[in-house]
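Undergrad: Enclosed is the structure file entry.csv (CSV, C-alpha atoms and all ligand atoms).
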```
chain,number,residue,atom,x,y,z
R,1,MET,CA,70.6,174.4,28.2
R,2,THR,CA,68.9,171.6,26.3
R,3,GLN,CA,69.1,168.1,27.6
R,4,THR,CA,71.6,167.1,25.0
R,5,THR,CA,73.8,170.0,25.9
R,6,GLU,CA,73.5,169.1,29.5
R,7,LEU,CA,74.5,165.5,28.8
R,8,LYS,CA,77.6,166.6,26.9
R,9,ALA,CA,78.6,169.0,29.6
R,10,ILE,CA,78.3,166.3,32.3
R,11,ALA,CA,80.2,163.8,30.1
R,12,ASP,CA,83.0,166.4,29.5
R,13,ALA,CA,83.3,167.1,33.2
R,14,LEU,CA,83.6,163.4,34.0
R,15,ARG,CA,86.3,163.1,31.3
R,16,GLN,CA,88.3,166.2,32.4
R,17,HIS,CA,88.5,165.6,36.1
R,18,ASP,CA,90.4,162.8,37.9
R,19,ARG,CA,89.1,162.4,41.4
R,20,PHE,CA,85.4,162.0,42.3
R,21,LEU,CA,83.2,161.5,45.3
R,22,VAL,CA,80.0,159.8,44.3
R,23,VAL,CA,77.0,160.3,46.6
R,24,THR,CA,73.3,159.5,46.6
R,25,HIS,CA,70.3,160.1,48.9
R,26,GLU,CA,70.0,158.9,52.4
R,27,ASN,CA,67.8,155.9,53.1
R,28,PRO,CA,68.7,154.8,49.6
R,29,ASP,CA,66.5,152.6,47.4
R,30,GLY,CA,67.5,150.4,44.5
R,31,ASP,CA,67.9,153.3,42.0
R,32,ALA,CA,70.0,155.2,44.5
R,33,LEU,CA,72.4,152.3,45.2
R,34,GLY,CA,72.4,151.0,41.7
R,35,SER,CA,73.2,154.4,40.3
R,36,LEU,CA,75.8,155.0,43.0
R,37,LEU,CA,77.6,151.8,42.2
R,38,ALA,CA,77.3,152.0,38.4
R,39,ALA,CA,78.6,155.6,38.3
R,40,THR,CA,81.5,154.7,40.5
R,41,LEU,CA,82.5,151.7,38.4
R,42,ALA,CA,82.0,153.7,35.2
R,43,LEU,CA,84.5,156.3,36.4
R,44,ARG,CA,86.9,153.6,37.4
R,45,GLN,CA,86.6,152.2,33.9
R,46,LEU,CA,87.7,155.6,32.6
R,47,GLY,CA,90.8,155.3,34.9
R,48,LYS,CA,89.5,157.8,37.5
R,49,ASP,CA,89.9,157.7,41.2
R,50,ALA,CA,86.2,157.4,42.4
R,51,VAL,CA,84.9,156.7,45.9
R,52,MET,CA,81.4,156.1,47.1
R,53,TYR,CA,80.0,157.9,50.1
R,54,LEU,CA,76.7,157.5,51.8
R,55,ALA,CA,76.3,159.9,54.8
R,56,GLY,CA,75.0,158.6,58.1
R,57,GLN,CA,75.0,155.3,59.9
R,58,THR,CA,71.6,153.9,58.9
R,59,PRO,CA,72.1,150.3,57.8
R,60,LEU,CA,71.5,149.6,54.1
R,61,PRO,CA,68.3,147.8,53.2
R,62,ARG,CA,69.1,144.1,53.5
R,63,GLU,CA,67.8,143.3,50.0
R,64,TYR,CA,70.7,145.3,48.5
R,65,ALA,CA,73.4,143.6,50.7
R,66,PHE,CA,74.4,141.4,47.8
R,67,MET,CA,75.5,144.4,45.8
R,68,PRO,CA,79.3,144.8,45.6
R,69,LEU,CA,79.4,148.0,47.7
R,70,GLU,CA,82.7,147.3,49.5
R,71,GLY,CA,84.5,150.5,50.1
R,72,LEU,CA,81.3,152.5,50.6
R,73,LEU,CA,82.3,155.3,53.0
R,74,ARG,CA,79.8,156.3,55.7
R,75,GLU,CA,81.9,159.4,56.6
R,76,SER,CA,83.2,162.1,54.3
R,77,PRO,CA,86.8,161.3,53.3
R,78,ALA,CA,89.6,163.6,54.4
R,79,ASP,CA,90.3,164.6,50.8
R,80,ALA,CA,86.7,165.5,49.9
R,81,ALA,CA,87.7,169.1,49.1
R,82,GLN,CA,89.9,167.7,46.2
R,83,ARG,CA,87.1,165.6,44.8
R,84,VAL,CA,84.4,166.5,42.3
R,85,LEU,CA,81.1,165.7,43.9
R,86,LEU,CA,78.8,163.6,41.7
R,87,ALA,CA,75.3,163.3,43.1
R,88,VAL,CA,73.0,160.7,41.6
R,89,ASP,CA,69.2,160.4,42.3
R,90,CYS,CA,69.3,163.4,44.7
R,91,ALA,CA,66.4,165.9,44.1
R,92,LYS,CA,67.8,168.3,46.7
R,93,GLU,CA,71.2,168.8,48.2
R,94,ASP,CA,70.0,168.1,51.7
R,95,ARG,CA,69.0,164.6,50.6
R,96,ILE,CA,72.8,163.9,50.5
R,97,GLY,CA,72.5,163.8,54.3
R,98,ASP,CA,75.8,165.8,54.8
R,99,GLU,CA,75.2,169.6,54.9
R,100,ALA,CA,78.8,170.4,54.1
R,101,ALA,CA,79.2,168.0,51.1
R,102,ARG,CA,78.2,170.6,48.5
R,103,SER,CA,80.2,173.5,49.8
R,104,ARG,CA,83.3,171.4,50.4
R,105,ALA,CA,83.4,170.2,46.7
R,106,PRO,CA,85.4,172.1,44.1
R,107,LEU,CA,82.7,171.2,41.5
R,108,VAL,CA,79.2,169.6,41.9
R,109,LEU,CA,77.6,167.4,39.2
R,110,ASN,CA,74.0,166.6,39.6
R,111,VAL,CA,72.5,163.7,37.7
R,112,ASP,CA,68.8,162.8,38.4
R,113,HIS,CA,65.3,162.2,37.2
R,114,HIS,CA,63.2,163.9,39.8
R,115,HIS,CA,61.0,166.5,38.1
R,116,ASP,CA,61.4,168.8,41.2
R,117,ASN,CA,65.2,168.6,41.3
R,118,THR,CA,66.4,172.0,42.6
R,119,ARG,CA,69.4,171.9,40.1
R,120,PHE,CA,71.8,172.4,43.0
R,121,GLY,CA,74.8,171.3,40.9
R,122,ASP,CA,77.3,173.5,39.0
R,123,LEU,CA,76.3,171.2,36.1
R,124,ASN,CA,73.0,169.5,36.1
R,125,LEU,CA,71.5,166.7,34.0
R,126,ILE,CA,67.9,166.2,35.0
R,127,VAL,CA,65.8,164.0,32.8
R,128,ALA,CA,62.3,164.1,34.3
R,129,ASP,CA,60.8,161.6,31.9
R,130,ALA,CA,63.5,159.0,32.6
R,131,SER,CA,62.3,155.9,34.5
R,132,SER,CA,65.2,156.0,36.9
R,133,THR,CA,68.6,157.7,37.4
R,134,GLY,CA,70.1,154.5,36.1
R,135,GLU,CA,68.4,155.2,32.8
R,136,VAL,CA,70.0,158.7,32.7
R,137,LEU,CA,73.4,157.3,33.6
R,138,ARG,CA,73.1,154.8,30.7
R,139,ASP,CA,73.0,157.7,28.3
R,140,VAL,CA,76.0,159.4,30.0
R,141,PHE,CA,78.0,156.1,29.7
R,142,ALA,CA,77.1,155.9,26.0
R,143,GLU,CA,78.2,159.5,25.5
R,144,LEU,CA,81.5,158.5,27.2
R,145,GLY,CA,81.9,155.5,24.9
R,146,LEU,CA,82.0,153.1,27.9
R,147,GLU,CA,81.7,149.4,27.5
R,148,LEU,CA,78.6,148.0,29.2
R,149,THR,CA,80.3,145.2,31.2
R,150,PRO,CA,78.2,142.8,33.4
R,151,GLU,CA,79.6,144.8,36.4
R,152,LEU,CA,78.0,148.0,35.0
R,153,ALA,CA,74.9,146.4,33.6
R,154,GLU,CA,73.7,144.7,36.8
R,155,PRO,CA,73.5,147.8,39.1
R,156,LEU,CA,71.8,149.7,36.2
R,157,TYR,CA,69.3,146.9,36.0
R,158,ILE,CA,68.7,147.1,39.8
R,159,ALA,CA,68.1,150.8,39.4
R,160,LEU,CA,65.7,150.2,36.6
R,161,VAL,CA,63.7,147.3,37.9
R,162,THR,CA,63.1,148.8,41.4
R,163,ASP,CA,62.2,152.3,40.2
R,164,THR,CA,59.7,151.0,37.7
R,165,GLY,CA,58.1,148.7,40.2
R,166,ARG,CA,59.3,145.7,38.2
R,167,PHE,CA,58.2,147.3,35.0
R,168,GLN,CA,54.7,148.1,36.1
R,169,TYR,CA,54.6,151.8,37.0
R,170,ALA,CA,53.6,154.5,34.6
R,171,ASN,CA,57.3,155.4,34.1
R,172,THR,CA,57.9,152.1,32.3
R,173,THR,CA,58.4,153.5,28.8
R,174,PRO,CA,59.4,151.7,25.7
R,175,LYS,CA,62.9,153.2,26.3
R,176,ALA,CA,63.0,151.6,29.8
R,177,LEU,CA,62.0,148.2,28.4
R,178,ARG,CA,64.6,148.4,25.6
R,179,LEU,CA,67.2,149.4,28.2
R,180,ALA,CA,66.2,146.3,30.3
R,181,ALA,CA,66.8,144.1,27.2
R,182,GLU,CA,70.2,145.8,26.6
R,183,LEU,CA,71.2,145.2,30.2
R,184,VAL,CA,70.3,141.6,30.1
R,185,GLU,CA,72.3,141.2,26.9
R,186,ALA,CA,75.2,142.9,28.7
R,187,GLY,CA,75.1,140.3,31.5
R,188,ALA,CA,72.8,141.5,34.2
R,189,ASP,CA,71.5,138.4,36.0
R,190,ILE,CA,67.9,139.2,36.3
R,191,HIS,CA,66.9,136.1,38.2
R,192,ALA,CA,69.6,136.6,40.8
R,193,VAL,CA,68.4,140.2,41.2
R,194,PHE,CA,64.8,139.0,41.6
R,195,GLN,CA,65.8,136.5,44.3
R,196,GLU,CA,67.9,138.9,46.2
R,197,VAL,CA,65.8,142.0,46.0
R,198,TYR,CA,62.3,140.5,46.1
R,199,GLU,CA,62.5,137.0,47.5
R,200,SER,CA,64.7,137.5,50.5
R,201,VAL,CA,62.1,139.1,52.8
R,202,GLU,CA,63.0,138.9,56.4
R,203,PHE,CA,60.3,137.5,58.7
R,204,ALA,CA,60.4,140.7,60.8
R,205,LYS,CA,59.5,142.7,57.6
R,206,LEU,CA,56.5,140.4,57.1
R,207,LYS,CA,55.3,141.1,60.7
R,208,LEU,CA,55.8,144.8,60.2
R,209,LEU,CA,53.7,144.6,57.0
R,210,ALA,CA,51.0,142.8,59.0
R,211,ARG,CA,50.8,145.7,61.5
R,212,ALA,CA,50.5,148.3,58.8
R,213,LEU,CA,47.8,146.3,57.0
R,214,ASP,CA,45.9,145.8,60.2
R,215,ARG,CA,45.9,149.5,60.9
R,216,ALA,CA,44.9,150.5,57.4
R,217,GLU,CA,41.9,152.8,57.1
R,218,VAL,CA,40.0,154.3,54.2
R,219,LEU,CA,39.0,158.0,53.9
R,220,GLU,CA,36.9,159.9,51.4
R,221,GLY,CA,34.9,156.9,50.5
R,222,GLY,CA,37.9,154.7,49.8
R,223,ARG,CA,39.8,157.1,47.6
R,224,ILE,CA,42.5,157.5,50.3
R,225,VAL,CA,44.1,154.5,52.0
R,226,VAL,CA,46.1,155.4,55.0
R,227,SER,CA,48.1,153.5,57.6
R,228,TYR,CA,50.8,154.2,60.1
R,229,LEU,CA,53.6,152.5,62.0
R,230,LEU,CA,54.7,153.3,65.5
R,231,ARG,CA,58.2,153.2,67.0
R,232,THR,CA,57.0,150.3,69.2
R,233,ASP,CA,55.9,148.3,66.1
R,234,PHE,CA,59.5,148.3,64.9
R,235,ALA,CA,60.7,147.3,68.3
R,236,ASP,CA,58.1,144.6,68.8
R,237,VAL,CA,58.9,142.8,65.6
R,238,GLY,CA,62.6,143.5,65.6
R,239,ALA,CA,62.6,145.6,62.5
R,240,SER,CA,64.7,148.6,61.5
R,241,GLU,CA,63.5,151.6,59.5
R,242,PRO,CA,64.3,150.3,56.0
R,243,TYR,CA,61.9,147.4,56.6
R,244,SER,CA,59.0,149.7,56.0
R,245,GLU,CA,60.0,150.1,52.3
R,246,GLY,CA,57.5,148.6,49.9
R,247,ILE,CA,54.6,148.4,52.5
R,248,ILE,CA,52.9,151.4,50.8
R,249,ASP,CA,52.5,149.4,47.6
R,250,TYR,CA,50.0,147.2,49.3
R,251,LEU,CA,47.9,150.2,50.4
R,252,ARG,CA,48.0,151.7,46.8
R,253,ALA,CA,46.8,148.4,45.4
R,254,VAL,CA,43.4,148.6,47.1
R,255,GLU,CA,40.4,148.9,44.7
R,256,GLY,CA,39.3,152.5,44.2
R,257,ALA,CA,42.4,154.0,46.0
R,258,GLU,CA,43.7,157.2,44.4
R,259,LEU,CA,46.1,158.1,47.2
R,260,ALA,CA,48.0,155.8,49.5
R,261,VAL,CA,49.6,157.1,52.7
R,262,LEU,CA,52.0,155.5,55.1
R,263,VAL,CA,53.2,157.5,58.1
R,264,ARG,CA,55.8,156.1,60.4
R,265,GLU,CA,57.3,157.3,63.7
R,266,GLN,CA,61.0,157.9,63.2
R,267,LEU,CA,63.5,155.7,65.0
R,268,ASN,CA,66.4,158.1,65.0
R,269,VAL,CA,66.6,160.4,68.0
R,270,GLY,CA,67.0,164.0,66.7
R,271,ALA,CA,65.2,163.3,63.4
R,272,HIS,CA,61.7,164.7,62.7
R,273,ALA,CA,59.0,162.9,64.6
R,274,HIS,CA,57.3,161.4,61.6
R,275,LYS,CA,58.1,160.4,58.1
R,276,GLY,CA,55.4,160.1,55.4
R,277,SER,CA,55.3,158.3,52.1
R,278,LEU,CA,52.6,159.2,49.4
R,279,ARG,CA,51.7,157.3,46.3
R,280,SER,CA,49.2,158.3,43.6
R,281,SER,CA,47.3,155.7,41.5
R,282,ILE,CA,45.9,158.2,39.1
R,283,ASP,CA,47.5,160.7,36.6
R,284,GLU,CA,45.4,163.6,37.9
R,285,LEU,CA,46.9,163.5,41.4
R,286,ASP,CA,50.4,164.9,41.9
R,287,VAL,CA,51.6,163.7,45.4
R,288,SER,CA,54.8,165.8,45.3
R,289,VAL,CA,52.5,168.8,45.7
R,290,ILE,CA,51.0,167.3,48.9
R,291,ALA,CA,54.5,166.4,50.2
R,292,ARG,CA,55.6,170.0,49.7
R,293,ARG,CA,53.0,171.1,52.3
R,294,PHE,CA,55.4,169.5,54.8
R,295,GLY,CA,58.6,170.6,53.1
R,296,GLY,CA,59.1,167.3,51.2
R,297,GLY,CA,59.0,166.5,47.6
R,298,GLY,CA,59.4,163.7,45.0
R,299,HIS,CA,57.7,162.6,41.8
R,300,ARG,CA,54.0,162.9,40.7
R,301,GLN,CA,53.3,159.3,41.6
R,302,ALA,CA,55.6,158.9,44.6
R,303,ALA,CA,56.7,161.5,47.2
R,304,GLY,CA,57.7,161.8,50.8
R,305,PHE,CA,58.3,164.2,53.7
R,306,SER,CA,59.5,164.5,57.3
R,307,THR,CA,57.7,166.5,59.9
R,308,ASP,CA,57.3,167.1,63.6
R,309,LEU,CA,53.5,167.4,63.3
R,310,PRO,CA,51.3,164.9,65.1
R,311,LEU,CA,49.7,162.1,63.2
R,312,GLU,CA,46.2,163.5,63.2
R,313,GLU,CA,47.4,166.8,61.8
R,314,ILE,CA,49.4,165.1,59.1
R,315,VAL,CA,46.4,163.0,58.0
R,316,GLN,CA,44.2,166.2,58.0
R,317,GLN,CA,46.8,168.1,55.9
R,318,ILE,CA,47.1,165.2,53.4
R,319,ARG,CA,43.3,165.0,53.1
R,320,GLU,CA,43.1,168.8,52.4
R,321,GLY,CA,45.9,168.5,49.9
R,322,PHE,CA,44.1,165.6,48.2
R,323,LEU,CA,40.8,167.4,48.0
R,324,ALA,CA,42.4,170.6,46.8
R,325,GLN,CA,43.7,168.8,43.7
R,326,ARG,CA,40.8,166.4,43.1
R,327,ALA,CA,38.3,169.3,43.4
R,328,THR,CA,40.4,171.2,40.8
R,329,ALA,CA,40.5,168.2,38.6
R,330,ARG,CA,36.7,167.7,38.6
R,331,ALA,CA,36.0,171.4,38.0
F,1,MN,MN,65.1,157.2,41.4
```
Show me this structure written as structure tokens.
TA:
Amino acid sequence: MTQTTELKAIADALRQHDRFLVVTHENPDGDALGSLLAATLALRQLGKDAVMYLAGQTPLPREYAFMPLEGLLRESPADAAQRVLLAVDCAKEDRIGDEAARSRAPLVLNVDHHHDNTRFGDLNLIVADASSTGEVLRDVFAELGLELTPELAEPLYIALVTDTGRFQYANTTPKALRLAAELVEAGADIHAVFQEVYESVEFAKLKLLARALDRAEVLEGGRIVVSYLLRTDFADVGASEPYSEGIIDYLRAVEGAELAVLVREQLNVGAHAHKGSLRSSIDELDVSVIARRFGGGGHRQAAGFSTDLPLEEIVQQIREGFLAQRATARA
């Protein structure tokens, strides 16, 4: 199917069905939560019964606490088997964090922008060159003839501004910038979003950042910048897991860095021992390929993984993955 056909098929399915369960990926970021909220509100604007569900008990990142996410379920509702599952910003079904979510649903709709999306839906709309899932949803809403109210515009803007790194990353296309203007015209309060998302840093997050910066090391003559956070770091400064979001951007910003790596010990018992985040600063390096060495994935510029391997082994594997690509690029 072409992308236009996929778009129309998703829009038709949203029109035809009446009850929906909207989900996104665990440990959600701004695009995940913005898309979750916008999709839910859009369905309600169409007169549908739509509920939001985020599996697990991990607290939401505090910078998104201002979003009107009342009614967000943390456990699957009893009537999940009667609800069409709409997954937004989920590259793989296991990112939903509820193994039964997909099999329970009578129909699965998958709307995303990850280039490595496994197309786990019955219907899929995957736009790999979109800046964010929010941008993809905007086109779905247009297809549905929805009015872009301030309530819809603001979560779409949150999705857009966070996934483009405040309109700085390579995915900041002219289309993304035009969409930003459209969302501001529709009533998104960009200054309020800025203050809530970027200027409400908790002191414990600052102290966690300090630990990561203090431990940062360079490899391969400065082309790789790597750091790690231990479980005790989180405990010492009083930080929970989402506090580490954004730290990697400081590592990537170092002069000459092509690859930034942050490895953190997992806080949840029963989870994999380590979680890794990877960021590429150059077009020639696809970090999703490195993440796949550990069973992870993501985008070219940003990817992640979970693993039980020890820290030294993780760093060694990442180094090999980096050299495999960079040697190829130079040949
Ligand atoms: Mn995204």
Undergrad: Could I get the residue neighbourhood of ligand MN 1 (chain F) at 10 Å, counting all atoms listed in the file, as number ranges by chain?
TA: R: 24-25, 28-35, 88-91, 112-114, 130-135, 159-160, 162-164, 298-299
Undergrad: So which residues touch Ser103 in chain R within 12 Å, counting all atoms listed in the file, skipping near sequence neighbours fewer than 4 positions away, as a ChimeraX atom specification?
TA: /R:80-85,93-94,98-99,107-108,120-122
Undergrad: Can I get the selection written as a PDB file, keeping the file's coordinate frame, with C-alpha atoms?
TA:
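What landed in again.pdb:
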```pdb
ATOM      1  CA  ALA R  80      86.700 165.500  49.900  1.00  0.00           C
ATOM      2  CA  ALA R  81      87.700 169.100  49.100  1.00  0.00           C
ATOM      3  CA  GLN R  82      89.900 167.700  46.200  1.00  0.00           C
ATOM      4  CA  ARG R  83      87.100 165.600  44.800  1.00  0.00           C
ATOM      5  CA  VAL R  84      84.400 166.500  42.300  1.00  0.00           C
ATOM      6  CA  LEU R  85      81.100 165.700  43.900  1.00  0.00           C
ATOM      7  CA  GLU R  93      71.200 168.800  48.200  1.00  0.00           C
ATOM      8  CA  ASP R  94      70.000 168.100  51.700  1.00  0.00           C
ATOM      9  CA  ASP R  98      75.800 165.800  54.800  1.00  0.00           C
ATOM     10  CA  GLU R  99      75.200 169.600  54.900  1.00  0.00           C
ATOM     11  CA  LEU R 107      82.700 171.200  41.500  1.00  0.00           C
ATOM     12  CA  VAL R 108      79.200 169.600  41.900  1.00  0.00           C
ATOM     13  CA  PHE R 120      71.800 172.400  43.000  1.00  0.00           C
ATOM     14  CA  GLY R 121      74.800 171.300  40.900  1.00  0.00           C
ATOM     15  CA  ASP R 122      77.300 173.500  39.000  1.00  0.00           C
TER      16      ASP R 122
END
```
Undergrad: If I take CA of Ala180 in chain R and CA of Lys48 in chain R, how far is one from the other in Å, to one decimal?
TA: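 Taking CA of Ala180 in chain R and CA of Lys48 in chain R, their separation equals 27.0 Å.
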Undergrad: Give me, as a PyMOL selection string, all polymer residues having an atom no more than 7 Å from range 245-251 of chain R, counting all atoms listed in the file and skipping those fewer than 4 positions away in the same chain.
TA: chain R and resi 209+225+260-262
Undergrad: Mind checking which residues fall within 12 Å of Gly71 in chain R, counting all atoms listed in the file, ignoring those fewer than 6 positions away in the same chain, and posting them as a list in words?
TA: Val22, Leu37, Thr40, Leu41, Ala50, Val51, Met52, Tyr53, Leu54 and Pro77 of chain R
Undergrad: With only C-alpha atoms as the basis for distance, which of R:Leu72, R:Leu152, R:Ser288, R:Ala87 is at the shortest distance from Arg44 in chain R?
TA: R:Leu152
Undergrad: Go through R:Glu154, R:Asp116, R:Glu217, R:Glu202 and flag the residue nearest Ser244 in chain R, using all atoms listed in the file for the distances.
TA: R:Glu202
Undergrad: Just checking: using all atoms listed in the file, which residue out of R:Ala235, R:Leu21, R:Ile318, R:Ala302 ends up closest to Ala170 in chain R?
TA: R:Ala302
Undergrad: Provide the CA of Gln3 in chain R to CA of Val127 in chain R distance in Å, to one decimal place.
TA: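 Spanning CA of Gln3 in chain R to CA of Val127 in chain R is a straight-line distance of 7.4 Å.
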